[in-house]
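Colleague: Below is my_file_29.csv; it holds CSV, C-alpha atoms and all ligand atoms.
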```
chain,number,residue,atom,x,y,z
A,1,MET,CA,-0.5,-4.9,9.4
A,2,SER,CA,-0.1,-1.5,7.7
A,3,LYS,CA,-0.5,-2.4,4.0
A,4,TYR,CA,-2.7,-5.1,2.6
A,5,VAL,CA,-2.6,-5.9,-1.2
A,6,ARG,CA,-6.2,-6.6,-2.3
A,7,PRO,CA,-6.8,-9.9,-4.1
A,8,VAL,CA,-8.2,-8.3,-7.3
A,9,GLY,CA,-9.5,-5.2,-9.0
A,10,HIS,CA,-8.2,-2.0,-10.7
A,11,PRO,CA,-9.0,1.6,-10.0
A,12,ILE,CA,-12.0,2.9,-12.0
A,13,PHE,CA,-11.8,6.1,-14.1
A,14,THR,CA,-14.8,8.4,-14.5
A,15,GLU,CA,-13.6,10.0,-17.7
A,16,ARG,CA,-15.0,9.9,-21.2
A,17,GLY,CA,-12.9,8.2,-23.8
A,18,ASP,CA,-12.3,9.7,-27.2
A,19,ARG,CA,-12.9,8.1,-30.6
A,20,LYS,CA,-9.5,6.5,-30.7
A,21,THR,CA,-9.9,4.7,-27.4
A,22,ALA,CA,-13.4,3.6,-28.2
A,23,ALA,CA,-12.5,2.3,-31.6
A,24,SER,CA,-9.5,0.2,-30.5
A,25,SER,CA,-11.1,-1.3,-27.4
A,26,THR,CA,-14.9,-1.3,-27.7
A,27,ILE,CA,-16.1,-1.0,-31.3
A,28,TYR,CA,-16.7,-4.4,-32.9
A,29,ALA,CA,-16.9,-5.4,-36.5
A,30,ASP,CA,-18.9,-8.7,-36.4
A,31,TYR,CA,-20.8,-8.3,-33.2
A,32,SER,CA,-23.2,-5.7,-31.9
A,33,PRO,CA,-23.2,-4.8,-28.2
A,34,CYS,CA,-26.2,-4.7,-26.0
A,35,TYR,CA,-25.6,-3.0,-22.6
A,36,VAL,CA,-27.5,-4.2,-19.6
A,37,ASN,CA,-27.5,-4.1,-15.8
A,38,SER,CA,-25.0,-6.9,-15.0
A,39,GLY,CA,-23.0,-9.8,-16.4
A,40,THR,CA,-25.6,-12.2,-15.1
A,41,ALA,CA,-28.3,-10.3,-17.0
A,42,ALA,CA,-26.1,-10.4,-20.2
A,43,LEU,CA,-25.8,-14.1,-19.7
A,44,GLN,CA,-29.5,-14.6,-19.3
A,45,LEU,CA,-30.1,-12.6,-22.4
A,46,ALA,CA,-27.7,-14.8,-24.3
A,47,ILE,CA,-29.5,-17.9,-23.2
A,48,GLU,CA,-32.8,-16.3,-24.2
A,49,ILE,CA,-31.4,-15.6,-27.7
A,50,ALA,CA,-30.1,-19.2,-28.0
A,51,LEU,CA,-33.5,-20.4,-27.0
A,52,ARG,CA,-35.3,-18.3,-29.6
A,53,CYS,CA,-32.8,-19.5,-32.1
A,54,ALA,CA,-33.6,-23.2,-31.3
A,55,THR,CA,-37.4,-22.7,-31.2
A,56,ASP,CA,-37.2,-20.8,-34.6
A,57,ASP,CA,-35.6,-23.9,-36.1
A,58,GLU,CA,-38.5,-25.5,-38.0
A,59,ASN,CA,-37.0,-29.0,-37.7
A,60,ASN,CA,-36.8,-28.8,-33.9
A,61,THR,CA,-39.6,-30.6,-32.1
A,62,SER,CA,-37.5,-31.6,-29.1
A,63,PHE,CA,-39.0,-29.3,-26.4
A,64,ASN,CA,-42.4,-27.9,-26.2
A,65,ALA,CA,-42.9,-27.2,-22.5
A,66,ALA,CA,-41.2,-24.2,-20.7
A,67,GLY,CA,-38.2,-25.3,-18.7
A,68,GLU,CA,-37.4,-28.3,-20.9
A,69,ALA,CA,-34.5,-26.7,-22.8
A,70,GLU,CA,-31.0,-27.5,-21.6
A,71,VAL,CA,-27.8,-25.4,-21.3
A,72,ILE,CA,-24.4,-27.1,-20.7
A,73,VAL,CA,-22.4,-25.4,-17.8
A,74,PRO,CA,-19.1,-26.2,-16.2
A,75,ALA,CA,-19.1,-27.8,-12.7
A,76,TYR,CA,-16.5,-25.5,-11.4
A,77,GLY,CA,-18.0,-22.0,-11.8
A,78,CYS,CA,-19.7,-19.0,-10.5
A,79,PRO,CA,-23.3,-19.5,-9.1
A,80,ASP,CA,-24.3,-16.6,-11.5
A,81,LEU,CA,-24.2,-19.2,-14.3
A,82,ILE,CA,-27.1,-21.0,-12.6
A,83,THR,CA,-28.9,-17.7,-11.8
A,84,ALA,CA,-28.9,-16.9,-15.6
A,85,CYS,CA,-30.3,-20.4,-16.4
A,86,ILE,CA,-33.1,-20.1,-13.9
A,87,GLY,CA,-33.8,-16.5,-15.1
A,88,ALA,CA,-34.1,-17.8,-18.7
A,89,ASN,CA,-36.1,-20.9,-17.6
A,90,VAL,CA,-33.7,-23.5,-18.9
A,91,ARG,CA,-32.2,-26.6,-17.2
A,92,PRO,CA,-28.5,-26.4,-16.4
A,93,VAL,CA,-26.7,-29.6,-17.4
A,94,VAL,CA,-23.6,-29.5,-15.2
A,95,VAL,CA,-20.4,-31.1,-16.7
A,96,ASP,CA,-17.2,-32.0,-14.8
A,97,SER,CA,-13.8,-30.6,-15.6
A,98,CYS,CA,-11.6,-32.6,-18.0
A,99,ASP,CA,-8.8,-32.9,-15.5
A,100,PRO,CA,-8.3,-32.4,-11.7
A,101,ARG,CA,-6.0,-29.5,-12.7
A,102,SER,CA,-8.6,-27.7,-14.9
A,103,PRO,CA,-11.7,-25.7,-14.3
A,104,PHE,CA,-12.9,-26.5,-17.9
A,105,PRO,CA,-14.9,-29.4,-19.2
A,106,GLY,CA,-13.2,-31.0,-22.2
A,107,PHE,CA,-14.5,-31.6,-25.8
A,108,LYS,CA,-15.5,-35.2,-25.1
A,109,GLN,CA,-17.4,-34.4,-21.9
A,110,MET,CA,-19.4,-31.6,-23.5
A,111,ALA,CA,-20.2,-33.7,-26.6
A,112,ALA,CA,-21.4,-36.5,-24.3
A,113,ALA,CA,-23.7,-34.0,-22.5
A,114,ILE,CA,-25.5,-32.8,-25.7
A,115,THR,CA,-29.1,-34.0,-26.0
A,116,PRO,CA,-31.9,-33.1,-28.5
A,117,LYS,CA,-32.9,-30.5,-25.8
A,118,THR,CA,-29.6,-28.7,-25.7
A,119,VAL,CA,-29.9,-25.0,-26.8
A,120,ALA,CA,-26.5,-23.7,-25.9
A,121,ILE,CA,-23.1,-24.5,-24.3
A,122,MET,CA,-21.5,-22.0,-21.9
A,123,ALA,CA,-17.8,-21.6,-22.5
A,124,VAL,CA,-16.6,-19.8,-19.4
A,125,ASN,CA,-13.3,-18.0,-19.3
A,126,PHE,CA,-11.5,-18.4,-16.0
A,127,LEU,CA,-9.5,-15.4,-14.8
A,128,GLY,CA,-8.2,-14.6,-18.3
A,129,LYS,CA,-8.0,-18.0,-20.1
A,130,SER,CA,-10.6,-19.6,-22.2
A,131,PRO,CA,-11.4,-23.3,-22.1
A,132,GLU,CA,-8.7,-25.3,-23.9
A,133,LEU,CA,-10.5,-26.0,-27.2
A,134,GLU,CA,-9.7,-25.0,-30.7
A,135,LYS,CA,-12.2,-22.8,-32.7
A,136,ALA,CA,-12.9,-25.9,-34.9
A,137,GLN,CA,-13.9,-28.0,-31.9
A,138,TRP,CA,-16.4,-25.4,-30.8
A,139,GLN,CA,-17.8,-25.5,-34.3
A,140,GLU,CA,-18.0,-29.3,-34.1
A,141,LEU,CA,-19.9,-29.1,-30.8
A,142,ARG,CA,-22.4,-26.8,-32.6
A,143,THR,CA,-22.9,-29.3,-35.3
A,144,LEU,CA,-23.1,-32.2,-32.9
A,145,GLY,CA,-26.2,-30.5,-31.4
A,146,GLY,CA,-24.7,-28.0,-29.0
A,147,ARG,CA,-26.3,-25.4,-31.4
A,148,HIS,CA,-25.1,-22.1,-29.8
A,149,ILE,CA,-21.8,-21.2,-28.0
A,150,ILE,CA,-22.1,-18.6,-25.3
A,151,GLU,CA,-18.6,-17.3,-24.6
A,152,ASP,CA,-18.6,-15.9,-21.0
A,153,ARG,CA,-15.8,-13.4,-20.7
A,154,ALA,CA,-16.9,-11.8,-17.4
A,155,GLN,CA,-13.4,-12.5,-16.2
A,156,ALA,CA,-11.5,-11.4,-19.4
A,157,PHE,CA,-12.8,-8.2,-21.1
A,158,PRO,CA,-13.4,-9.0,-24.8
A,159,PHE,CA,-11.3,-6.2,-26.3
A,160,ALA,CA,-12.4,-5.2,-29.9
A,161,SER,CA,-8.7,-5.8,-31.0
A,162,GLU,CA,-9.1,-9.5,-30.0
A,163,GLU,CA,-12.3,-10.0,-32.0
A,164,GLN,CA,-10.7,-12.5,-34.3
A,165,SER,CA,-10.2,-14.9,-31.4
A,166,PHE,CA,-13.8,-14.8,-30.2
A,167,PHE,CA,-15.5,-18.2,-30.8
A,168,GLY,CA,-19.0,-17.5,-29.3
A,169,ASN,CA,-22.2,-16.7,-31.1
A,170,THR,CA,-22.6,-14.4,-28.2
A,171,VAL,CA,-19.9,-13.0,-25.9
A,172,ILE,CA,-20.5,-11.7,-22.3
A,173,ALA,CA,-18.6,-9.0,-20.4
A,174,SER,CA,-19.3,-7.9,-16.8
A,175,PHE,CA,-18.5,-4.5,-15.3
A,176,GLY,CA,-19.1,-5.7,-11.8
A,177,LYS,CA,-16.8,-5.1,-8.8
A,178,GLY,CA,-13.4,-6.8,-9.2
A,179,LYS,CA,-13.9,-7.5,-12.9
A,180,PRO,CA,-11.2,-6.6,-15.5
A,181,VAL,CA,-13.1,-3.5,-16.6
A,182,SER,CA,-15.2,-2.5,-13.6
A,183,LEU,CA,-17.8,0.3,-13.5
A,184,LEU,CA,-19.2,-1.0,-10.2
A,185,GLY,CA,-22.1,-2.6,-12.1
A,186,GLY,CA,-23.3,-3.4,-15.6
A,187,GLY,CA,-22.8,-6.0,-18.3
A,188,MET,CA,-22.4,-6.3,-22.1
A,189,LEU,CA,-23.7,-8.9,-24.5
A,190,LEU,CA,-22.0,-9.0,-27.9
A,191,ILE,CA,-24.3,-10.6,-30.5
A,192,GLU,CA,-23.1,-12.0,-33.8
A,193,ARG,CA,-24.7,-10.0,-36.5
A,194,ARG,CA,-26.7,-12.9,-38.0
A,195,TYR,CA,-28.6,-13.2,-34.7
A,196,HIS,CA,-29.6,-9.5,-34.5
A,197,HIS,CA,-33.2,-10.2,-35.3
A,198,LEU,CA,-33.4,-12.2,-32.1
A,199,CYS,CA,-32.7,-9.3,-29.8
A,200,ASP,CA,-34.9,-6.2,-29.2
A,201,PHE,CA,-32.0,-3.7,-29.2
A,202,GLU,CA,-34.5,-0.8,-28.9
A,203,HIS,CA,-35.6,-2.2,-25.5
A,204,TYR,CA,-32.0,-1.9,-24.2
A,205,ASN,CA,-31.2,1.6,-25.3
A,206,PRO,CA,-28.9,3.1,-22.6
A,207,ARG,CA,-30.9,4.7,-19.8
A,208,ALA,CA,-30.5,8.5,-19.3
A,209,VAL,CA,-29.4,9.6,-15.8
A,210,SER,CA,-29.9,12.9,-13.9
A,211,THR,CA,-26.9,14.9,-12.8
A,212,PHE,CA,-27.6,13.8,-9.2
A,213,GLU,CA,-27.6,10.1,-10.1
A,214,ARG,CA,-24.3,10.6,-12.1
A,215,LEU,CA,-22.7,12.3,-9.1
A,216,LYS,CA,-23.9,9.5,-6.8
A,217,ILE,CA,-22.3,6.8,-9.0
A,218,GLN,CA,-19.1,9.0,-9.2
A,219,ALA,CA,-19.0,9.3,-5.4
A,220,LYS,CA,-19.3,5.5,-5.0
A,221,ILE,CA,-16.5,5.0,-7.5
A,222,ALA,CA,-14.3,7.6,-5.7
A,223,ALA,CA,-14.9,5.7,-2.4
A,224,TYR,CA,-14.1,2.4,-4.0
A,225,ASN,CA,-10.8,3.7,-5.5
A,226,LEU,CA,-9.8,4.9,-2.1
A,227,VAL,CA,-10.5,1.7,-0.1
A,228,ILE,CA,-8.8,-0.6,-2.6
A,229,LYS,CA,-5.4,1.1,-2.0
A,230,PRO,CA,-3.1,-1.1,0.0
A,231,ALA,CA,-2.9,1.4,2.8
A,232,ALA,CA,-6.7,1.5,3.3
A,233,TYR,CA,-7.7,-2.1,2.4
A,234,GLY,CA,-6.3,-3.6,5.6
A,235,GLN,CA,-8.6,-1.3,7.6
A,236,LEU,CA,-11.5,-2.2,5.4
A,237,LEU,CA,-11.0,-5.9,6.2
A,238,LYS,CA,-11.3,-5.1,10.0
A,239,VAL,CA,-14.9,-4.0,9.5
A,240,PRO,CA,-17.1,-6.8,10.9
A,241,GLY,CA,-19.6,-8.6,8.8
A,242,LEU,CA,-18.4,-7.2,5.4
A,243,ASN,CA,-17.5,-10.7,4.1
A,244,ILE,CA,-15.8,-9.1,1.0
A,245,GLY,CA,-15.6,-11.4,-2.1
A,246,ALA,CA,-17.7,-14.3,-0.7
A,247,THR,CA,-19.7,-15.9,-3.5
A,248,SER,CA,-23.3,-17.0,-3.0
A,249,TYR,CA,-26.3,-17.7,-5.2
A,250,LYS,CA,-28.5,-14.7,-6.0
A,251,PRO,CA,-31.9,-15.2,-7.6
A,252,PRO,CA,-32.4,-13.6,-11.1
A,253,LEU,CA,-33.4,-9.9,-11.4
A,254,PRO,CA,-35.1,-8.2,-14.3
A,255,ILE,CA,-32.9,-7.4,-17.3
A,256,VAL,CA,-32.7,-3.6,-17.7
A,257,PRO,CA,-30.6,-1.2,-19.8
A,258,LEU,CA,-27.2,0.1,-18.5
A,259,ASP,CA,-27.2,3.8,-17.5
A,260,GLN,CA,-25.5,6.3,-19.9
A,261,ALA,CA,-23.1,7.5,-17.2
A,262,ARG,CA,-21.3,4.1,-16.9
A,263,LEU,CA,-21.5,3.5,-20.6
A,264,SER,CA,-19.7,6.9,-21.2
A,265,TRP,CA,-16.8,5.7,-19.0
A,266,LEU,CA,-16.4,2.3,-20.6
A,267,PRO,CA,-14.0,3.1,-23.5
A,268,ALA,CA,-11.5,4.9,-21.3
A,269,ASN,CA,-11.4,2.1,-18.7
A,270,ALA,CA,-11.1,-0.6,-21.4
A,271,TYR,CA,-8.4,1.3,-23.2
A,272,ARG,CA,-6.4,1.9,-20.0
A,273,LEU,CA,-6.5,-1.8,-19.1
A,274,GLU,CA,-5.6,-2.9,-22.6
A,275,ASN,CA,-2.6,-0.7,-22.6
A,276,ASP,CA,-1.3,-1.4,-19.1
A,277,PHE,CA,1.8,-3.5,-20.0
A,278,ARG,CA,2.9,-4.0,-16.4
A,279,LEU,CA,0.2,-6.6,-16.0
A,280,LYS,CA,1.9,-9.1,-18.4
A,281,ALA,CA,5.1,-8.7,-16.5
A,282,HIS,CA,3.3,-9.5,-13.2
A,283,VAL,CA,2.0,-12.8,-14.7
A,284,GLU,CA,5.4,-13.8,-16.0
A,285,ARG,CA,7.0,-13.1,-12.7
A,286,LEU,CA,4.4,-15.2,-10.8
A,287,VAL,CA,4.8,-18.1,-13.3
A,288,ARG,CA,8.5,-18.1,-12.4
A,289,VAL,CA,7.8,-18.0,-8.6
A,290,VAL,CA,5.3,-20.8,-8.7
A,291,SER,CA,7.3,-23.0,-11.1
A,292,LEU,CA,10.2,-22.9,-8.6
A,293,ASN,CA,8.1,-24.4,-5.8
A,294,PHE,CA,7.7,-28.2,-6.2
A,295,LYS,CA,4.6,-28.2,-3.9
A,296,LEU,CA,2.6,-25.9,-6.2
A,297,SER,CA,1.4,-26.3,-9.8
A,298,LEU,CA,-0.1,-24.1,-12.5
A,299,ILE,CA,-3.6,-24.9,-13.5
A,300,GLY,CA,-4.8,-26.4,-16.8
A,301,SER,CA,-3.8,-29.5,-18.7
A,302,SER,CA,-1.5,-27.6,-21.0
A,303,GLN,CA,0.1,-25.8,-18.0
A,304,HIS,CA,2.3,-22.9,-19.1
A,305,ALA,CA,0.2,-22.3,-22.3
A,306,LEU,CA,-2.7,-21.3,-20.1
A,307,TYR,CA,-0.7,-18.4,-18.6
A,308,ASP,CA,0.3,-16.9,-22.0
A,309,ALA,CA,-2.4,-14.2,-21.6
A,310,LYS,CA,-1.4,-10.5,-21.8
A,311,ARG,CA,-3.1,-10.1,-18.4
A,312,MET,CA,-5.0,-12.2,-15.9
A,313,LEU,CA,-7.6,-11.1,-13.5
A,314,ARG,CA,-6.0,-13.1,-10.7
A,315,PHE,CA,-3.1,-15.6,-10.8
A,316,PRO,CA,-4.4,-19.1,-10.2
A,317,VAL,CA,-2.3,-21.8,-8.5
A,318,LEU,CA,-3.0,-25.3,-7.2
A,319,ALA,CA,-1.7,-26.5,-3.8
A,320,GLN,CA,-1.1,-30.2,-3.0
A,321,SER,CA,-4.2,-30.6,-0.9
A,322,LYS,CA,-7.0,-28.7,0.7
A,323,VAL,CA,-5.1,-28.6,4.0
A,324,HIS,CA,-2.0,-27.2,2.2
A,325,ARG,CA,-4.1,-24.6,0.4
A,326,ASP,CA,-5.9,-23.5,3.5
A,327,ASP,CA,-2.6,-23.2,5.4
A,328,LEU,CA,-1.2,-21.0,2.6
A,329,LEU,CA,-4.3,-18.8,2.6
A,330,ARG,CA,-3.8,-18.2,6.3
A,331,ARG,CA,-0.1,-17.4,5.9
A,332,PHE,CA,-0.6,-15.0,2.9
A,333,HIS,CA,-3.3,-13.2,4.9
A,334,LYS,CA,-0.9,-12.7,7.8
A,335,ALA,CA,1.7,-11.3,5.3
A,336,GLY,CA,-0.8,-8.8,4.0
A,337,ILE,CA,-1.3,-10.5,0.6
A,338,GLY,CA,-4.9,-10.8,-0.6
A,339,THR,CA,-5.4,-14.4,-1.9
A,340,SER,CA,-8.7,-16.2,-2.5
A,341,ALA,CA,-10.0,-19.7,-2.8
A,342,MET,CA,-12.5,-18.4,-5.4
A,343,TYR,CA,-15.7,-20.6,-5.4
A,344,VAL,CA,-14.4,-23.0,-2.7
A,345,LYS,CA,-16.8,-25.7,-3.9
A,346,ALA,CA,-17.9,-27.2,-7.2
A,347,LEU,CA,-21.4,-25.9,-8.2
A,348,PRO,CA,-23.2,-29.1,-7.3
A,349,ASP,CA,-21.8,-28.9,-3.8
A,350,MET,CA,-23.1,-25.4,-3.1
A,351,ASP,CA,-26.1,-25.8,-0.8
A,352,ASP,CA,-27.7,-22.5,-1.8
A,353,VAL,CA,-27.6,-23.2,-5.6
A,354,PRO,CA,-30.9,-24.6,-6.7
A,355,LEU,CA,-29.9,-27.8,-8.5
A,356,ASP,CA,-31.8,-31.1,-8.5
A,357,ASP,CA,-30.6,-33.9,-6.2
A,358,ALA,CA,-30.0,-36.0,-9.3
A,359,VAL,CA,-27.5,-33.4,-10.5
A,360,ARG,CA,-25.8,-33.2,-7.2
A,361,LYS,CA,-25.2,-37.0,-7.1
A,362,GLY,CA,-23.2,-36.9,-10.4
A,363,ASP,CA,-19.5,-37.5,-10.6
A,364,PHE,CA,-17.7,-34.2,-10.4
A,365,SER,CA,-14.4,-35.5,-8.9
A,366,ASN,CA,-12.2,-33.3,-11.1
A,367,ALA,CA,-14.0,-30.1,-10.3
A,368,ARG,CA,-14.1,-31.0,-6.6
A,369,SER,CA,-10.4,-31.7,-6.5
A,370,PHE,CA,-9.7,-28.4,-8.3
A,371,ALA,CA,-12.0,-26.5,-5.9
A,372,ASP,CA,-10.2,-27.9,-2.9
A,373,ARG,CA,-6.7,-27.0,-4.1
A,374,LEU,CA,-7.1,-23.7,-6.0
A,375,PHE,CA,-6.0,-20.3,-4.7
A,376,THR,CA,-5.2,-17.1,-6.4
A,377,LEU,CA,-2.4,-14.5,-6.0
A,378,PRO,CA,-2.9,-10.8,-6.9
A,379,CYS,CA,-1.5,-9.6,-10.2
A,380,HIS,CA,-3.2,-6.2,-10.5
A,381,SER,CA,-1.8,-2.7,-11.0
A,382,ASP,CA,-1.0,-2.2,-7.3
A,383,VAL,CA,1.3,-5.3,-7.1
A,384,ASP,CA,4.9,-4.2,-6.6
A,385,GLU,CA,8.3,-5.5,-5.7
A,386,ASP,CA,7.4,-5.7,-2.0
A,387,THR,CA,4.4,-7.8,-2.9
A,388,PHE,CA,6.5,-10.3,-4.9
A,389,LYS,CA,9.0,-10.4,-2.0
A,390,ALA,CA,6.2,-11.1,0.5
A,391,ILE,CA,4.8,-13.9,-1.8
A,392,GLU,CA,8.3,-15.5,-2.1
A,393,ASP,CA,8.8,-15.3,1.7
A,394,VAL,CA,5.5,-17.2,2.3
A,395,LEU,CA,6.4,-19.8,-0.2
A,396,ALA,CA,10.0,-20.2,0.9
B,401,LIG,C1,-17.8,-16.2,-15.1
B,401,LIG,C2,-18.8,-15.2,-14.7
B,401,LIG,N1,-19.9,-15.1,-15.4
B,401,LIG,C3,-20.9,-14.2,-15.0
B,401,LIG,C4,-20.7,-13.4,-13.9
B,401,LIG,C5,-21.8,-12.4,-13.5
B,401,LIG,O1,-21.4,-11.1,-13.6
B,401,LIG,P1,-22.1,-9.9,-12.7
B,401,LIG,O2,-21.5,-10.0,-11.4
B,401,LIG,O3,-21.8,-8.7,-13.5
B,401,LIG,O4,-23.5,-10.2,-12.7
B,401,LIG,C6,-19.6,-13.5,-13.1
B,401,LIG,C7,-19.4,-12.7,-11.9
B,401,LIG,O5,-18.6,-13.0,-11.0
B,401,LIG,C8,-18.6,-14.5,-13.5
B,401,LIG,O6,-17.5,-14.7,-12.8
```
How does this structure look as C-alpha cells?

Modeller:
Amino acid sequence: MSKYVRPVGHPIFTERGDRKTAASSTIYADYSPCYVNSGTAALQLAIEIALRCATDDENNTSFNAAGEAEVIVPAYGCPDLITACIGANVRPVVVDSCDPRSPFPGFKQMAAAITPKTVAIMAVNFLGKSPELEKAQWQELRTLGGRHIIEDRAQAFPFASEEQSFFGNTVIASFGKGKPVSLLGGGMLLIERRYHHLCDFEHYNPRAVSTFERLKIQAKIAAYNLVIKPAAYGQLLKVPGLNIGATSYKPPLPIVPLDQARLSWLPANAYRLENDFRLKAHVERLVRVVSLNFKLSLIGSSQHALYDAKRMLRFPVLAQSKVHRDDLLRRFHKAGIGTSAMYVKALPDMDDVPLDDAVRKGDFSNARSFADRLFTLPCHSDVDEDTFKAIEDVLA
C-alpha cells in the first residue's frame, strides 16, 4: 500500500499568531484560561475547583473525609476521565448512555445519579458534538444537586467565537496528539469568572523555555507533520510495537504550567482550524455516504442533528454488530483508510482502569452496545476525492 490516510489529526504550525487571530479564536469574554501540561491535568484542575466550590458552601455537610466526593462520568469515555478523578481524589460515578446509539448519558440518568456527595458532572464532547441536552437542562442538573458542570471539549476546541454556546462552569481543551488543535501536548482550562478566586492563576503562569528546548519541540512537531502525510503514514504503521492510537489508563501526573513556546503557537493553530471550511464539506459528504448504506447508522438519538457541527475530529458510524464492525475495520485498513474503534470497551469493562467491582457490575448495556459497534472514518485536512472513493468502494 503506497498511501495510507491517517485516522485523525491536522498538521501543526509553529508560527506566532497576530492579535486578530488570537482575539477571534482564543480570547474569551466570560472565562479566564489557565494553561497546563495536558487535557487530563486541566480536567483534574476543574474537579479540584468544583470540590473547593462545594466545600466552601457553608450548608454542605455531606462529605468530610477525603475521597468521599463524587463526580458523574459517562460510561463510554476515555480512561483519562478516571485518571483526573483519581488525581483529584474523588469517586467517579459511572453512568450508562441514554441509548445504544449514543455515547452520552441522558438527563434522567444523570439526575438519578446525583447524591448529596456529588460535586460535579462531566459533560464530555464526543468527536465534535456535545451531549444532547439543552442549556436549561444543565442548569436544572446543577440545581438538582449536580452543582458544577465540567464541559470537556478535549475533542472539540472551544473557539472564543462559540463562547455563547458553552454551558460548563469550566471548559477543558486538550492540545495532545490527534486533538483538534494539537501542539503535541498541553491543555487549557477555561474558568467562569465568578470562580476565579478558586484557582491560583499565579501558580500556572506559562513556563519560560530555553532556545534549545523550543528547537527540540519544533523538531518533534516537524517530524510529526512529516509522518502523518498519507505517503509516510503507511510506512510508520509497519514499525513493530508502535501501537499508535491505542487507549490505556495512565495514572495521574502533577499539574504543571504549559511552556511559553506551545502557548505562543496556539492562536495561529486555532485560527487555521476555525477557518478551514473544507472540513464541514467532508462531514456533509460522509453523512451522505453513510446514510445510503442500510447496514450503517449515524450515532446519537437525534441522528442527523448530531452531525451539524462545522467540523468533527473523526466521523463516527455504527455498524450492525461487533462482527460487522471488526470486518469493516479490516477492509478499510487493507484499502489504506485509517479507521478506529476508539475506546473498544465501556469504561467499566477496561481491566486497567481502577474502578470498584461494585461499579463494574452495573448495567452499562447501552454503552457496551455502542462500544461494540462504533468505528470512525477520517475527515481531516488530508482527506481527498480518492479517500471518499476508497470509502465508498469498501462500503459498496
Ligand atoms: C474526552 C477527553 N478528555 C480528556 C482527555 C485528556 O487529554 P490529554 O490527552 O491532553 O491529557 C482526552 C484525551 O484523549 C479526551 O479524549

Colleague: List all protein, DNA and RNA residues that have an atom no more than 7 Å from any atom of ligand LIG 401 (chain B), counting only C-alpha atoms and all ligand atoms, and report them as a PDB file with C-alpha atoms, in the coordinates of the input.

Modeller:
```
ATOM      1  CA  SER A  38     -25.000  -6.900 -15.000  1.00  0.00           C
ATOM      2  CA  GLY A  39     -23.000  -9.800 -16.400  1.00  0.00           C
ATOM      3  CA  THR A  40     -25.600 -12.200 -15.100  1.00  0.00           C
ATOM      4  CA  ALA A  41     -28.300 -10.300 -17.000  1.00  0.00           C
ATOM      5  CA  LEU A  43     -25.800 -14.100 -19.700  1.00  0.00           C
ATOM      6  CA  GLY A  77     -18.000 -22.000 -11.800  1.00  0.00           C
ATOM      7  CA  CYS A  78     -19.700 -19.000 -10.500  1.00  0.00           C
ATOM      8  CA  ASP A  80     -24.300 -16.600 -11.500  1.00  0.00           C
ATOM      9  CA  LEU A  81     -24.200 -19.200 -14.300  1.00  0.00           C
ATOM     10  CA  VAL A 124     -16.600 -19.800 -19.400  1.00  0.00           C
ATOM     11  CA  ASN A 125     -13.300 -18.000 -19.300  1.00  0.00           C
ATOM     12  CA  PHE A 126     -11.500 -18.400 -16.000  1.00  0.00           C
ATOM     13  CA  ASP A 152     -18.600 -15.900 -21.000  1.00  0.00           C
ATOM     14  CA  ARG A 153     -15.800 -13.400 -20.700  1.00  0.00           C
ATOM     15  CA  ALA A 154     -16.900 -11.800 -17.400  1.00  0.00           C
ATOM     16  CA  GLN A 155     -13.400 -12.500 -16.200  1.00  0.00           C
ATOM     17  CA  SER A 174     -19.300  -7.900 -16.800  1.00  0.00           C
ATOM     18  CA  PHE A 175     -18.500  -4.500 -15.300  1.00  0.00           C
ATOM     19  CA  GLY A 176     -19.100  -5.700 -11.800  1.00  0.00           C
ATOM     20  CA  GLY A 185     -22.100  -2.600 -12.100  1.00  0.00           C
ATOM     21  CA  GLY A 186     -23.300  -3.400 -15.600  1.00  0.00           C
ATOM     22  CA  GLY A 187     -22.800  -6.000 -18.300  1.00  0.00           C
TER      23      GLY A 187
END
```

Colleague: Return the single residue from A:Asp356, A:Glu140, A:Asp326, A:Asp57 that is closest to Asp372 (chain A), with distances computed using only C-alpha atoms.

Modeller: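 When distances to Asp372 (chain A) are compared using only C-alpha atoms, the smallest one comes from A:Asp326.
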
Colleague: Measure the distance from CA of Leu313 (chain A) to CA of Gly178 (chain A) in Å and round it to one decimal.

Modeller: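 Distance reported for this atom pair: 8.4 Å.
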
Colleague: Can you pull out the residues contacting Ala46 (chain A)? Cut-off 12 Å, using only C-alpha atoms, and skip same-chain residues under 3 positions away; I want them as a ChimeraX atom specification.

Modeller: /A:33-34,36,39-43,49-53,71,81,84-85,87-88,90,119-122,148-152,168-173,187-192,195-196,198-199,255

Colleague: Compare A:Ser24, A:Asn64, A:Ser2, A:Ser97 by their minimum atom-to-atom distance to Ala367 (chain A), counting only C-alpha atoms, and give me the closest one.

Modeller: A:Ser97
